[in-house]
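Here's entry-v1.txt, which has compact mmCIF, C-alpha atoms:
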# COMPACT_ATOMS: atom_id res chain seq x y z
CA MET O 222 0.00 0.00 0.00
CA THR O 223 1.36 3.46 -0.88
CA ARG O 224 1.91 6.09 1.78
CA LEU O 225 -0.94 8.19 0.42
CA LYS O 226 -3.32 5.23 0.32
CA THR O 227 -2.39 4.39 3.91
CA ARG O 228 -3.11 7.98 5.00
CA ILE O 229 -6.45 8.01 3.17
CA VAL O 230 -7.50 4.68 4.69
CA ASP O 231 -6.45 5.88 8.16
CA LEU O 232 -8.45 9.10 7.68
CA ILE O 233 -11.57 7.19 6.62
CA GLU O 234 -11.21 4.74 9.50
CA ALA O 235 -10.89 7.63 11.96
CA LEU O 236 -13.57 9.98 10.59
CA GLY O 237 -15.81 7.83 8.41
CA PRO O 238 -16.67 8.66 4.81
CA ILE O 239 -14.97 11.69 3.25
CA PRO O 240 -16.34 13.86 0.43
CA ILE O 241 -15.18 12.95 -3.07
CA ASN O 242 -13.66 16.41 -3.58
CA GLU O 243 -11.48 15.94 -0.50
CA TYR O 244 -10.41 12.48 -1.71
CA MET O 245 -9.57 13.77 -5.20
CA ALA O 246 -7.67 16.75 -3.81
CA MET O 247 -5.54 14.42 -1.70
CA CYS O 248 -4.87 12.09 -4.63
CA LEU O 249 -3.98 14.85 -7.05
CA PHE O 250 -2.38 17.62 -4.98
CA ASP O 251 -0.99 16.09 -1.77
CA PRO O 252 2.40 17.82 -1.28
CA ALA O 253 4.28 14.58 -0.62
CA ASP O 254 2.50 11.97 -2.74
CA GLY O 255 -0.06 13.67 -4.99
CA TYR O 256 -0.21 12.85 -8.69
CA TYR O 257 0.60 16.37 -9.89
CA THR O 258 3.17 17.15 -7.20
CA THR O 259 5.36 14.08 -7.64
CA ARG O 260 5.98 14.17 -11.40
CA GLU O 261 6.47 16.56 -14.30
CA PRO O 262 3.02 16.90 -15.87
CA PHE O 263 4.25 17.78 -19.38
CA GLY O 264 6.94 16.49 -21.72
CA ALA O 265 7.80 13.04 -23.05
CA ALA O 266 7.11 11.31 -19.73
CA GLY O 267 4.19 13.55 -18.78
CA ASP O 268 0.49 13.51 -19.50
CA PHE O 269 -1.10 14.00 -22.90
CA ILE O 270 -1.88 17.64 -23.64
CA THR O 271 -4.12 19.08 -26.33
CA ALA O 272 -3.71 22.24 -28.38
CA PRO O 273 -6.43 24.23 -26.54
CA GLU O 274 -4.51 23.79 -23.30
CA ILE O 275 -1.35 25.26 -24.85
CA SER O 276 -2.73 28.32 -26.62
CA GLN O 277 -5.88 30.36 -27.06
CA MET O 278 -5.06 30.50 -30.78
CA PHE O 279 -6.59 27.06 -31.45
CA GLY O 280 -10.02 28.20 -30.31
CA GLU O 281 -9.71 31.43 -32.26
CA LEU O 282 -8.83 29.55 -35.46
CA VAL O 283 -11.78 27.19 -35.01
CA ALA O 284 -14.07 30.21 -34.54
CA VAL O 285 -12.72 31.85 -37.73
CA TRP O 286 -13.20 28.61 -39.65
CA MET O 287 -16.78 28.24 -38.41
CA TYR O 288 -17.58 31.87 -39.22
CA GLN O 289 -16.30 31.46 -42.78
CA ALA O 290 -18.10 28.15 -43.39
Output the structure of this file as structure tokens.
Amino acid sequence: MTRLKTRIVDLIEALGPIPINEYMAMCLFDPADGYYTTREPFGAAGDFITAPEISQMFGELVAVWMYQA
């Protein structure tokens, strides 16, 4: 069991059910073991990223294309 999983299980055993937003925040942003805080999110080893997340230009070009169609 990972350290984060152990802490989450301990928290649930101590307090009972936790809200999904609290669970997700722990999984994603925990300073020691969270998904986004323990790895580089972008690059060859990172997550997939789409054009709209990189630049506003993609959305603008789609809007121009739709307007001209």
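Minimum distance to Leu225 in chain O across O:Ala253, O:Ala246, O:Pro240, O:Gly280 (counting all atoms listed in the file) occurs at O:Ala253.
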Report the distance between CA of Asp254 in chain O and CA of Lys226 in chain O in Å, rounded to one decimal place. 9.4 Å
Go ahead and fit an axis-aligned box to every listed atom of range 276-285 of chain O plus 3 Å each side, and pass me the centre and edge lengths in Å, one decimal, as JSON.
{"center_x": -8.4, "center_y": 29.5, "center_z": -32.2, "size_x": 17.3, "size_y": 10.8, "size_z": 17.1}
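The coordinates place CA of Pro252 in chain O at 29.8 Å from CA of Gln277 in chain O.
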